[in-house]
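Participant: Take this structure, written in structure tokens, and hold onto it; I'll ask about it next.
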Amino acid sequence: MTTHATPPVLGIPGATADLSARLRDGLGRVDALLTQVVDHDDPFIAGASGHLVEAGGKRFRPMLTLLAAELGDGINDDVVSAAAGVELTHLASLYHDDVMDEASVRRGVASVNAAYDNSTAILVGDLLFGKASELVAGLGAEAVLIQAQTFVRLCSGQIRDDRACPEGVDPVDYYLGVLADKTGVLIATAGRYGVMFSGGSEETVEIMRSYGEKVGIAFQLADDLIDIASDADDSGKIPGTDLREGVDTLAVLRFRAMADPDDSSDARLLELLDGDLADDAALAEALGLLRAHPALALARDETYAVAREAQALLDPLPDSDAKAALQALALSVVDRVG
């Protein structure tokens with residue numbers, strides 16, 4: 001491959017022009033490295049490996065690595081390598097997710113399992129995990145250990161996500177734990193690496209680890225709300241996908257805890273949620289009832305609370321353009337909900 005996608009336009013509220021320019025330059029370097037790393041002598045493997053790299057995407061995780069580096073001495077070659085390793089790990093997980101979800105589209109193009117086949121998607125996902133590990137190996141033993149621990153939690157979160165909440169465990173605690181593993185841990189690693197490889201302090205590394213995990217949880221909770229509250233035209237996604245698949249996200253969990261079986265609307269929504277939502281009319285009815293229920297507003301409030309917790313973690317850091325951008329970023333991931 002000789003071309004690579006143009007780095008996406010930055011969308012960090014409050015980022016200064018100078019900071020945005022440095023981040024944009026850093027993302028360009030990350031993108032070029034990604035293209036170089038996923039290339040292969042075999043054209044088929046090169047095409048399948050670069051499929052989602054060329055499709056672009058928000059590059060949220062590598063952008064966070066670069067932004068976190070601003071809390072240290074700034075972006076350097078090691079920070080760029082770490083950012084690319086994080087994005088490759090994310091891309092590899094998407095290859096596997098699309099097989100599990102039987103997805104047909106990813107980032108506006110055919111998913112790899114649709115464009116090729118399931119076996120190719122799984123194997124190329126494994127290959128990208130290997131490429132990510134190869135990049136991280138050049139950053140030292142501690143980075144390799146963090147990469148391995150991150151990968152274990154990613155897999156654990158996905159496994160637990162596919163299982164019902166065990167008996168005797170609070171469903172909300174279980175669900176938030178799944179999100180911390182499935183989404184939060186890689187974003188935490190992204191922030192952690194940025195500080196580590198820019199010469200930041202151990203205290204700042206830990207702050208960014210905790211911050212990243214909270215932001216990841218808030219990000220996924222916001223996605224869950226968008227799946228319920230947004231129209232397809234607004235979000236670009238078909239609403240109610242989680243409901244149709246029987247996934248109880250936070251709003252549904254709160255509804256189940258609050259539901260009054262003697263209330264006709266609550267009773268009907270319970271019946272729909274516990275039934276078959278393959279029918280479009282049933283799904284639309286369930287969405288309408290859930291949108292009107294106080295549980296949705298409660299879930300939205302809780303999502304914003306997680307984002308504010310992430311912001312508060314940054315309080316010990318000295319004021320800087322990077323800190324202000326990180327504070328704004330935490331809120332922006334949930335402001336998408338509206």
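Following the order of the structure tokens, first chain is A, next is B, and so on, with residues numbered from 1 inside each chain and ligands from 1 in the order they appear.
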Taking 3 positions as the minimum chain separation for residues in the same chain, which residues sit within 12 Å of segment 279-281 of chain A when counting only C-alpha atoms? Answer as a count of residues only.

Facilitator: 15

Participant: Identify, on the basis of only C-alpha atoms, every residue whose closest approach to segment 299-310 of chain A does not exceed 7 Å; exclude the query and any residue fewer than 2 positions from it along the same chain; express the result as an NGL selection string.

Facilitator: :A and (211 or 214-215 or 218 or 221-222 or 250-251 or 295-297 or 312-313 or 330-331 or 334)

Participant: Work out how far atom CA of Val86 of chain A is from atom CA of Ala32 of chain A, in Å to one decimal.

Facilitator: 14.5 Å

Participant: Please compute the atom CA of Pro166 of chain A-atom CA of Phe219 of chain A distance, one decimal, in Å.

Facilitator: 24.7 Å

Participant: From the set A:Leu145, A:Ala190, A:Arg24, A:Leu329, which residue has the shortest atom-to-atom contact distance to Glu213 of chain A, counting only C-alpha atoms?

Facilitator: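 Closest residue, counting only C-alpha atoms: A:Ala190.
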
Participant: Quick one: residues within 12 Å of Lys131 of chain A, only C-alpha atoms counted, chain neighbours fewer than 3 positions away excluded, as a PyMOL selection string?

Facilitator: chain A and resi 33-40+49+81-82+84-92+124-128+134-138+147

Participant: Restrict the selected residues to C-alpha atoms and save them as a short mmCIF file (atom, residue, chain, number, x, y, z; two decimals), in the first residue's frame.

Facilitator:
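File written: selection09.cif
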data_model
loop_
_atom_site.label_atom_id
_atom_site.label_comp_id
_atom_site.auth_asym_id
_atom_site.auth_seq_id
_atom_site.Cartn_x
_atom_site.Cartn_y
_atom_site.Cartn_z
CA LEU A 33 2.99 4.65 10.73
CA LEU A 34 -0.25 2.65 10.75
CA THR A 35 -0.15 2.38 6.96
CA GLN A 36 3.48 1.28 7.07
CA VAL A 37 2.89 -1.31 9.77
CA VAL A 38 -0.17 -2.99 8.22
CA ASP A 39 1.47 -3.29 4.79
CA HIS A 40 2.47 -6.80 3.73
CA SER A 49 -5.09 -5.63 7.07
CA SER A 81 4.54 4.44 18.22
CA ALA A 82 2.48 3.99 21.38
CA ALA A 84 -0.28 3.61 16.72
CA GLY A 85 -0.07 0.49 18.89
CA VAL A 86 -3.23 1.52 20.75
CA GLU A 87 -5.10 2.17 17.49
CA LEU A 88 -3.98 -1.17 16.01
CA THR A 89 -5.26 -2.93 19.13
CA HIS A 90 -8.58 -1.13 18.73
CA LEU A 91 -8.81 -2.00 15.03
CA ALA A 92 -8.02 -5.65 15.74
CA VAL A 124 -6.36 -10.62 10.25
CA GLY A 125 -7.61 -9.36 13.62
CA ASP A 126 -5.08 -11.69 15.24
CA LEU A 127 -2.40 -10.41 12.86
CA LEU A 128 -3.16 -6.80 13.86
CA GLU A 134 5.43 -5.73 17.86
CA LEU A 135 5.21 -1.92 17.96
CA VAL A 136 4.82 -1.85 21.74
CA ALA A 137 7.74 -4.26 22.21
CA GLY A 138 10.02 -1.52 20.94
CA GLN A 147 -0.32 -4.18 26.52
#

Participant: May I ask which of the residues A:Ala69, A:Ile187, A:Leu23, A:Ile228 is the closest one to Val247 of chain A, counting only C-alpha atoms?

Facilitator: A:Ile228

Participant: Rounded to one decimal in Å, what is the spacing between atom CA of Pro62 of chain A and atom CA of Pro316 of chain A?

Facilitator: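 If I compute the distance from atom CA of Pro62 of chain A to atom CA of Pro316 of chain A, I get 23.6 Å.
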
Participant: Residues within 12 Å of Glu70 of chain A, please, as an MDAnalysis selection string. Count only C-alpha atoms; anything in the same chain fewer than 2 positions from it doesn't count.

Facilitator: chainID A and resid 15 18:20 22:23 26 63:68 72:76 79 191 193:200 204 208 317 319:326

Participant: Please dump the current selection as a CSV table (one decimal), in the first residue's frame; keep N, CA and C atoms.

Facilitator:
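Output contents, as saved in out05.csv:
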chain,number,residue,atom,x,y,z
A,15,ALA,N,-9.6,23.4,22.5
A,15,ALA,CA,-8.2,23.3,22.1
A,15,ALA,C,-7.7,24.5,21.4
A,18,ASP,N,-2.6,26.4,18.5
A,18,ASP,CA,-1.3,25.8,18.6
A,18,ASP,C,-1.4,24.3,19.0
A,19,LEU,N,-2.2,24.0,20.0
A,19,LEU,CA,-2.4,22.6,20.4
A,19,LEU,C,-3.0,21.8,19.3
A,20,SER,N,-4.0,22.3,18.7
A,20,SER,CA,-4.6,21.6,17.6
A,20,SER,C,-3.7,21.3,16.5
A,22,ARG,N,-0.4,20.9,16.8
A,22,ARG,CA,0.5,19.8,17.2
A,22,ARG,C,-0.1,18.5,17.1
A,23,LEU,N,-1.4,18.4,17.6
A,23,LEU,CA,-2.1,17.2,17.6
A,23,LEU,C,-2.4,16.7,16.1
A,26,GLY,N,0.8,15.3,14.9
A,26,GLY,CA,1.0,14.0,15.5
A,26,GLY,C,0.1,12.9,14.9
A,63,MET,N,-5.4,9.9,19.4
A,63,MET,CA,-5.5,11.4,19.7
A,63,MET,C,-5.3,11.6,21.2
A,64,LEU,N,-5.9,10.7,22.1
A,64,LEU,CA,-5.8,10.9,23.5
A,64,LEU,C,-4.3,10.6,23.9
A,65,THR,N,-3.7,9.7,23.3
A,65,THR,CA,-2.3,9.5,23.6
A,65,THR,C,-1.4,10.7,23.3
A,66,LEU,N,-1.7,11.3,22.2
A,66,LEU,CA,-0.9,12.5,21.8
A,66,LEU,C,-1.3,13.7,22.8
A,67,LEU,N,-2.5,13.8,23.1
A,67,LEU,CA,-2.9,14.9,24.0
A,67,LEU,C,-2.4,14.7,25.4
A,68,ALA,N,-2.3,13.4,25.9
A,68,ALA,CA,-1.7,13.1,27.2
A,68,ALA,C,-0.3,13.5,27.2
A,72,GLY,N,3.4,16.0,29.5
A,72,GLY,CA,4.8,15.7,29.8
A,72,GLY,C,5.6,16.7,28.9
A,73,ASP,N,6.6,16.1,28.2
A,73,ASP,CA,7.5,17.0,27.3
A,73,ASP,C,7.0,17.0,25.9
A,74,GLY,N,5.8,16.5,25.6
A,74,GLY,CA,5.3,16.6,24.3
A,74,GLY,C,5.5,15.4,23.4
A,75,ILE,N,5.0,15.4,22.2
A,75,ILE,CA,4.9,14.3,21.3
A,75,ILE,C,6.3,14.0,20.7
A,76,ASN,N,6.7,12.7,20.8
A,76,ASN,CA,8.0,12.3,20.2
A,76,ASN,C,7.7,11.0,19.5
A,79,VAL,N,6.0,8.3,21.6
A,79,VAL,CA,4.6,8.6,21.8
A,79,VAL,C,3.8,8.2,20.5
A,191,GLY,N,-4.2,7.0,27.3
A,191,GLY,CA,-3.8,8.1,28.1
A,191,GLY,C,-2.5,7.8,28.9
A,193,TYR,N,0.0,5.7,28.2
A,193,TYR,CA,1.1,5.7,27.3
A,193,TYR,C,1.6,7.1,27.0
A,194,GLY,N,0.6,8.0,26.7
A,194,GLY,CA,1.0,9.3,26.4
A,194,GLY,C,1.9,10.0,27.4
A,195,VAL,N,1.5,9.8,28.7
A,195,VAL,CA,2.3,10.5,29.7
A,195,VAL,C,3.6,9.7,29.9
A,196,MET,N,3.6,8.4,29.9
A,196,MET,CA,4.8,7.5,30.1
A,196,MET,C,5.9,7.9,29.1
A,197,PHE,N,5.6,8.0,27.9
A,197,PHE,CA,6.6,8.1,26.9
A,197,PHE,C,6.9,9.6,26.5
A,198,SER,N,6.3,10.5,27.3
A,198,SER,CA,6.7,11.9,27.1
A,198,SER,C,7.4,12.4,28.3
A,199,GLY,N,7.8,11.5,29.2
A,199,GLY,CA,8.6,11.9,30.4
A,199,GLY,C,7.7,12.5,31.6
A,200,GLY,N,6.4,12.2,31.6
A,200,GLY,CA,5.6,12.7,32.7
A,200,GLY,C,5.8,11.9,33.9
A,204,THR,N,1.0,11.6,37.3
A,204,THR,CA,0.3,11.9,36.1
A,204,THR,C,-0.1,10.7,35.3
A,208,MET,N,-4.0,9.8,34.4
A,208,MET,CA,-4.5,9.6,33.0
A,208,MET,C,-5.1,8.2,32.8
A,317,LEU,N,-3.7,18.4,38.5
A,317,LEU,CA,-2.7,18.8,37.4
A,317,LEU,C,-2.7,20.3,37.3
A,319,ASP,N,-2.7,24.0,35.7
A,319,ASP,CA,-3.4,24.5,34.5
A,319,ASP,C,-2.5,24.5,33.3
A,320,SER,N,-3.1,24.1,32.1
A,320,SER,CA,-2.4,24.1,30.9
A,320,SER,C,-3.5,24.0,29.8
A,321,ASP,N,-3.0,24.2,28.5
A,321,ASP,CA,-3.9,24.1,27.4
A,321,ASP,C,-4.4,22.6,27.3
A,322,ALA,N,-3.4,21.7,27.6
A,322,ALA,CA,-3.8,20.3,27.5
A,322,ALA,C,-4.8,19.9,28.5
A,323,LYS,N,-4.6,20.4,29.8
A,323,LYS,CA,-5.6,20.0,30.8
A,323,LYS,C,-7.0,20.6,30.5
A,324,ALA,N,-7.1,21.8,29.9
A,324,ALA,CA,-8.3,22.3,29.6
A,324,ALA,C,-9.0,21.5,28.4
A,325,ALA,N,-8.2,21.1,27.5
A,325,ALA,CA,-8.7,20.2,26.4
A,325,ALA,C,-9.2,18.9,26.9
A,326,LEU,N,-8.5,18.3,27.9
A,326,LEU,CA,-8.9,17.0,28.4
A,326,LEU,C,-10.2,17.2,29.2

Participant: Determine the nearest neighbour of Leu273 of chain A from the options A:Asp223, A:Asp161, A:Asp78, A:Asp248, counting only C-alpha atoms.

Facilitator: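 Looking only at the distances to Leu273 of chain A, the closest residue turns out to be A:Asp248.
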
Participant: Going by DSSP on the backbone, which bits of segment 235-271 of chain A are alpha helix (DSSP H)? Write them as a PyMOL selection string, please.

Facilitator: chain A and resi 235+241-244+250-258+264-271

Participant: Out of segment 103-316 of chain A, which residues get strand (DSSP E or B) from DSSP, as a list of chain:residue names?

Facilitator: A:Val105, A:Arg106, A:Val109, A:Ala110

Participant: Closest to Ser264 of chain A among A:Leu289, A:Ala229, A:Ala278, A:Ile122, using only C-alpha atoms?

Facilitator: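 Among the listed residues, the smallest separation from Ser264 of chain A belongs to A:Leu289.
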
Participant: Point out the residue among A:Val169, A:Ala292, A:Ala17, A:Leu314 with the least atom-to-atom distance to Glu206 of chain A, counting only C-alpha atoms.

Facilitator: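 Closest to Glu206 of chain A of all the choices is A:Leu314.
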